[in-house]
Amino acid sequence: TAVILFAEALFSASIMVEVENVRGVLAQVSSVIAQSNHNIESVNYTDTHEAGHNMMVFIISVKSLNSLNKLIDKLNKIKNVYRVERKRS
């Protein structure tokens, strides 16, 4: 008997998340990404020129464009998130 395993092909995507500079927002965003079964490869957290706003850029492993779009929709629903968009290289 032959056993065939299909590995899910993953690709890396970069998403930019603009957030309010409040305690716990990084944890909130990271939690939603993890609960959506995506792996965070890296995160960069910086101040923006706008007072009280920070920018997070996540590199995540995703299975499909559809799952990435669903994740972006979920992230946009977080209270302290101003906007989320895919960052194209």
# chains A, B, ... in the order shown; residues from 1 in each chain; ligands from 1
$ residues_around --residues "Thr48 (chain A)" --least-positions-apart "3" --cutoff "12 Å" --atoms "only C-alpha atoms" --output "VMD selection string"
chain A and resid 17 to 21 45 51 to 56
$ residues_around --residues "region 70-84 of chain A" --least-positions-apart "5" --cutoff "12 Å" --atoms "only C-alpha atoms" --output "ChimeraX atom specification"
/A:13-39,52-58,60-65
$ select_by_dssp --residues "chain A" --states "strand (DSSP E)" --output "PyMOL selection string"
chain A and resi 11-20+39-47+53-62+81-86
$ atom_distance --atom1 "CA of Leu10 (chain A)" --atom2 "CA of Asn69 (chain A)"
14.8 Å
